[in-house]
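So the structure is just underneath, and the comments pick up after that.
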Amino acid sequence: MSAPNKSYDPVEVEALKPEEIERMRDEALAAFAAADSLDALHEAKVAHTGPASPLALANREIGALPPHAKAEAGKRVGMARGAVNKGLAARQSELEAERDARVLVEEAVDVTLPHDRIPAGARHPLTTLSERIEDIFVAMGYEVAEGPQVEAEWFNFDALNIGPDHPARGEADTFFVQGPEGGTESGLVLRTHTSPVQIRSMLDREPPVYVICPGVVYRTDELDATHTPVFRQVELLAIDEGLTMADLKGTLDHMVQSLFGEGMKTRLRPNFFPFTEPSAEMDMLCYVCKGESVGNPDRPCRTCSSEGWIELGGCGMVNPRVLTACGIDPEKYSGFAFGFGIERMLMFRHNVEDMRDMVEGDVRFTRPFGMEI
Amino acid sequence: MRVPLSWLREYVDLPATETGRDVQAKLISAGLEVETVEQLGADLKGPLVVGQVLTIEELEGFKKPIRFCTVDVGQANGTGEPQEIVCGARNFAVGDKVVVVLPGATLPGGFSIAARKTYGKTSHGMICSGDELGMGDDGSHGIIVLPPETEVGKNAIELLELVDEVLDIAVTANRGDCLSIRGVARETAIAYGLPLRDPALIDVPAPNAYGYPVQVSDPFGCDRFTARTVTGLRPEARSPIWLQRRLQKVGMRPISLAVDVTNYVMMELGQPLHAYDRTLVQGTIGVRRAEEGEKLVTLDGVERKLHAEDLVITDERGPIGLAGVMGGANTEIADHEVTESGVNGTTDVVIEAAHFDAVSIARTARRHKLLSEASRRFERGVDPQAAAAAAQRTVDLLSLLAGGTAEAGVTEVIAPSAPHTISVPADHPDKVAGVEYGRETVVRRLQEVGCDVYGQDELIVTVPSWRPDLVDPNDLAEEVIRLEGYENLPSTLPKPPSGRGLTHRQRLHRRVGRALAGAGYVEAPNYPFVGEQVFDQLGLEADDPARRVVKLVNPLNDEEPALRTTLLPGLLGALRRNAGRGSHDLALFETGLVFHPREEQRVAAHLPVDRRPTDEEIAALNAALPEQPRHVAVVLAGALEQSGWWGKGRPANWADAVEAARAVAREAGAELVVRKGQYGPWHPGRCAELVVVADGTERVVGHAGELHPRVVKALGLAERTCAAELDLDALEAVGDGAPQAPRISTFPVATQDVALVVDQSVPHAEVEAALREGAGELLEAIRLFDVYENAEQLGDGKKSLAYALRFRAADRTLTVDEASAARDAAVALAGERTGAVLRG
């Protein structure tokens with residue numbers, strides 16, 4: 001490095017000649033462009049922007065120039081260095097982008113690989129279907145009521161107007177519970193329906209009573225494709241002033257619409273149950289064929305056997321005698337009730353062909369139903 | 001009840017075009033459950049004619065006896081020549097009239113008849129049995145031999161009324177009247193708006209004093225007894241074809257004329273009847289309750305010990321019939337039998353048409369397990385006013401068909417009773433239905449079902465004798481509503497008061513199910529029936545309370561007479577069933593009730609129903625019920641984590657079972673203490689006792705861990721099967737409903753790790769508890785991150801537990817000294833409590 005030279009002619013300083021500066025700039029830019037990796041670019045960066053680079057050296061020469069020349073040379077070198085730095089940054093981000101893209105390609109995986117490390121569990125569809133039905137009525141303001149499964153005969157029969165000699169009592173296929181010392185008289189049974197929960201609900205509450213009673217019930221049927229001795233019911237009870245059969249019909253219609261979609265409806269057919277009067281058998285429109293398979297042999301419907309309707313269960317207006325047994329004034333209050341089996345509904349709603357599939361606990365049956373239904 | 005359409009048409013003039021299916025639809029809409037319409041003879045095609053057997057040639061040399069017959073079929077075969085037919089039956093002789101099917105005909109089941117070679121002859125048709133014609137099995141399996149007066153060549157399809165439709169109706173318990181053609185005809189007439197020709201409306205002679213003597217000493221049990229006598233019956237008289245056919249169509253087997261006639265009239269009018277052989281009845285017929293120790297052989301040949309409540313029919317000797325259920329063998333009508341001295345058989349009969357108390361008959365029928373056509377009707381209600389007509393109809397038919405003579409004596413013993421009347425507001429049906437029918441419609445509909453109706457706003461309704469089920473105002477409302485059509489009811493929605501959603505307990509049950517399913521468990525609900533041997537297999541001690549069970553009187557399976565006290569038998573059964581079907585990596589759960597008998601067992605009382613029971617009465621009923629807590633259980637076998645491209649799998653182990661229990665407790669918001677335990681079904685070294693603290697008292701709520709190898713073997717399970725079971729109700733009871741929000745400090749955390757060496761028998765839980773307590777309130781979290789056992793480095797019987805402790809203060813950044821001091825205090829207390837030494 002030379003000392004300041006007051007009489008120095010800038011033109012005489014080789015390194016600060018305009019064409020020299022331009023060359024240095026162009027060489028740097030060419031080196032950056034030629035760098036094909038971030039490492040190569042780093043080398044070019046050191047060579048062309050580092051303290052020993054030609055432009056840095058040239059910059060130092062400026063100090064030796066006479067004041068009048070400093071400004072112009074400084075401007076020239078500054079512009080060149082600016083252009084070089086800008087070129088470097090551009091190439092840097094270009095190469096970084098290339099690298100990032102390459103890394104992403106290299107990190108690609110086979111996303112179709114399974115990851116069933118812990119196979120999914122599931123709740124039983126009978127449980128979830130029952131809950132689904134409960135939720136429909138809970139949304140309307142009903143309470144869910146539960147009760148014991150070993151039940152006093154008074155709750156299961158007598159209070160429901162099924163006296164000791166009522167023919168229906170003999171037809172109920174009841175499991176009887178042994179009494180003290182293994183005797184046959186205990187006054188207890190495995191409940192044959194969830195209706196005793198209705199009785200308990202009426203005894204526990206002041207009217208109005210709006211409850212839904214889901215639960216396990218028992219009848220002495222052998223297990224086969226269409227019967228099971230242990231099954232689930234949902235029953236509903238509404239007690240209020242001025243309730244009518246039209247309200248019963250509307251409530252049923254609302255339920256099947258909630259479960260099977262708009263346009264669904266129910267049909268009532270007269271029947272007899274001791275605990276309701278009037279009583280009815282309830283059918284729902286076949287949700288698959290909407291009744292169009294009836295008399296239409298070209299379009300048979302497996303779900304309803306081309307009947308157009310699917311049998312659901314029993315219903316009716318609560319027999320005033322039942323209200324009396326529960327201490328509710330039948331002159332003031334009336335009510336309706338219905339009940340049906342969850343197994344049957346699961347069968348026709350989800351094409352279950354054999355009742356046994358629902359009771360044997362085979363994980364292959366239950367898994368596909370997941371958490372909700 | 002099976003109802004032939006042809007019989008129904010006798011009382012209702014249905015349009016000729018109405019089919020059985022049309023009638024079915026109408027009756028269903030009116031409330032009779034017509035389950036099926038059977039099409040009799042639907043695929044039957046003639047010629048099917050009456051023939052007379054002319055010759056019989058016995059063919060020899062075949063495995064069974066075969067006859068080659070010639071049969072005169074008149075002009076039915078077009079030639080008038082005898083028809084040559086091969087026949088395998090033997091119950092006929094030359095001269096008998098038989099049913100012949102000719103070539104070209106089709107029998108039921110699509111069986112086409114053509115001339116064919118058989119047994120070396122050509123058979124031009126067949127001589128038919130009842131089976132082959134779809135008439136129902138008459139028990140003989142032989143061919144039909146027609147009465148001798150039957151005309152040869154006559155069309156047998158018409159003669160035997162082979163083409164018909166039969167409605168099969170499931171009659172509900174309240175409609176005893178519809179267990180008769182008369183009752184169904186009445187419903188049909190109403191449904192079609194047509195008049196009914198009531199078969200019970202016949203002339204009946206007035207009762208008099210010279211009929212067969214009858215003494216009713218229990219007028220409550222028997223409020224009506226009609227007796228008639230017919231003499232001079234021809235013993236050889238048989239039921240005519242039309243009568244036999246009607247009985248067959250309603251599902252009864254023709255037996256003998258007198259029996260057939262009583263059955264026929266019962267089907268027609270619904271009144272059960274009994275015919276006694278008068279020569280076998282000694283003296284006055286009585287009706288009374290049986291005396292303890294009395295016996296009676298009923299018509300089915302069974303000797304029955306009578307109960308003091310049984311209503312019996314007696315003569316001077318004692319019981320001759322179980323009233324309203326079944327007659328006695330000692331006065332049975334004798335079928336005719338041909339002996340050397342001529343034809344023997346009953347010639348004189350006494351006909352009983354009585355009305356018995358429904359409850360008494362129901363009890364007797366159940367007590368003797370003897371459900372007869374008669375008891376079925378009496379139990380459901382028989383029209384008492386039809387008794388005299390039914391007796392008359394029987395007398396008429398016996399006279400007509402067997403040449404008998406009706407004696408002029410007519411016995412009728414009647415306990416006076418007033419017809420049942422119901423007072424009902426005229427708008428009551430409207431209020432029940434939610435429809436404005438109006439008084440006029442209400443009155444008209446009630447009159448249609450046979451009621452007499454008076455009054456304006458308040459109707460006084462007298463119900464007909466054949467509808468004892470009409471008792472309350474709502475019964476009348478139902479009649480009006482069903483006849484106006486249930487299908488015409490509008491659809492409205494009531495407005496319940498605003499609800500509060502599910503209860504805490506109900507939400508918990510759902511949450512537990514979701515948590516376990518989320519952890520990979522599959523719900524498997526099981527039957528609660530168990531056999532007591534399962535408690536041995538589970539290794540329960542002899543005095544284990546879980547061995548005390550609630551038992552059933554009538555279990556489905558004698559091997560499983562009890563109700564479960566634990567969910568394990570069912571769940572382990574499901575595990576085994578799945579394994580048997582090739583699924584071996586299994587995690588199952590169940591929530592459900594278990595049943596524990598009370599210390600002191602009591603019989604639940606039968607409370608009255610005409611009022612609300614008192615709170616004390618309800619409490620007493622509830623106290624008679626077994627305890628029925630809800631349990632939750634899980635079982636695990638095979639791999640919990642599968643092996644795969646990610647690496648190795650992991651078998652389910654005891655810790656998974658314990659973690660499932662913890663997960664359940666977390667859902668319940670219950671603080672669960674897990675400690676080493678020992679209980680029957682579990683491996684003694686791998687059993688966790690699960691404890692909660694309620695009101696300062698510890699309570700064991702379940703166990704978790706690996707099952708005992710003996711249990712695994714006894715139950716045929718996979719090795720290392722694990723299980724957990726918890727009392728969900730007990731967890732719920734201690735659950736803390738609303739978690740409190742922690743204060744979140746934003747100052748930096750100070751982390752300190754410590755490794756402590758303890759005896760192998762020291763449980764981690766104790767070490768952790770001591771560390772926690774010793775560290776004080778600066779400790780934010782503690783986590784065990786390693787368990788290390790190495791005899792060389794640690795010494796025999798030692799293990800190293802490594803914990804990460806996180807310290808943080810709410811109001812400042814902790815200094816290293818502060819954190820270290822807290823750590824040292826923690827280690828010191830652990831050392832004091834558990835002998836833990838900081839690992840060097």
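Here's how to read the names in the structure tokens: chain A, B, ... by the order shown, residue numbers from 1 in each chain, ligand numbers from 1 in the order shown.
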
Polymer residues at most 10 Å from Phe273 (chain A), only C-alpha atoms, same-chain spacing of 6 or more positions, as a VMD selection string = (chain A and resid 160 to 162 168 279 to 281 314 to 316 318 to 319) or (chain B and resid 172 to 174)

Output as number ranges by chain all residues of region 144-350 of chain A that backbone DSSP marks as strand (DSSP E).
-> A: 144, 150-152, 188-190, 209-218, 230-240, 266-273, 276-285, 309-318, 334-341

Name all residues at most 12 Å from Arg839 (chain B) (count only C-alpha atoms; drop same-chain ones fewer than 2 positions away) and give them as a ChimeraX atom specification.
-> /B:753-758,788,793-795,798-803,827,831,836-837

Export, as a compact mmCIF listing (two decimals), in the first residue's frame, the selected residues with C-alpha atoms.
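Ended up saving to part-v3.txt:
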# COMPACT_ATOMS: atom_id res chain seq x y z
CA ASP B 753 -33.08 -34.60 37.24
CA VAL B 754 -32.44 -37.03 40.09
CA ALA B 755 -31.76 -40.77 40.05
CA LEU B 756 -32.58 -42.55 43.30
CA VAL B 757 -31.55 -46.05 44.30
CA VAL B 758 -34.12 -47.94 46.38
CA TYR B 788 -33.00 -49.24 35.91
CA GLN B 793 -23.82 -51.32 39.48
CA LEU B 794 -26.56 -50.93 42.06
CA GLY B 795 -26.18 -53.96 44.26
CA LYS B 798 -31.88 -52.55 44.21
CA LYS B 799 -33.33 -50.47 41.46
CA SER B 800 -32.77 -46.96 40.25
CA LEU B 801 -35.64 -44.58 39.62
CA ALA B 802 -34.89 -41.50 37.56
CA TYR B 803 -37.14 -38.46 37.88
CA VAL B 827 -34.41 -36.22 47.94
CA GLY B 831 -34.48 -40.94 51.68
CA ALA B 836 -33.72 -43.80 48.69
CA VAL B 837 -30.11 -42.84 48.05

For Thr566 (chain B): contacts at 12 Å, only C-alpha atoms, fewer than 4 positions along chain excluded, given as a ChimeraX atom specification | /B:526-530,532,534-535,538,540,544-549,562,570-572,590-596,628-634,681,702-703,723-727

Neighbour list for His115 (chain A) as a list in words, cut-off 9 Å, only C-alpha atoms, skip fewer than 4 positions in-chain =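 Non-adjacent residues within range: Pro119 of chain A; Gly644, Trp645 and Trp646 of chain B.
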
Selection near Thr303 (chain A), 8 Å with only C-alpha atoms, sequence-local residues under 2 positions removed, as JSON, numbers by chain | {"A": [286, 288, 301, 305, 306, 348, 351]}

Of the residues A:Ala225, A:Val352, A:Val294, A:Met317, which is the one nearest to Thr244 (chain A), using only C-alpha atoms?
->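 Looking only at the distances to Thr244 (chain A), the closest residue turns out to be A:Met317.
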
Selection: 9 Å around His764 (chain B), only C-alpha atoms, excl. self and same-chain fewer than 4 positions, as a VMD selection string = chain B and resid 768 to 769 784 801

Name the closest residue to chain A among the candidates B:Arg393, B:Arg823, B:Arg367, B:Arg772; distances are taken between atoms, counting only C-alpha atoms.
->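 Using only C-alpha atoms, chain A sits closest to B:Arg367.
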
Enumerate the residues of region 453-565 of chain B with a DSSP assignment of alpha helix (DSSP H), computed from the backbone, and present them as a VMD selection string.
-> chain B and resid 473 to 484 504 to 518 533 to 537

d(CA of Ala477 (chain B), CA of Leu459 (chain B)) in Å |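 Distance between the two atoms: 12.0 Å.
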
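Distances to Lys154 (chain B) were evaluated for B:Gln52, B:Ser217, B:Thr70, B:Thr411 using only C-alpha atoms, and the minimum falls at B:Gln52.
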
Would you mind reading off the distance between CA of Ala386 (chain B) and CA of Ser423 (chain B), one decimal, in Å?
-> 25.4 Å
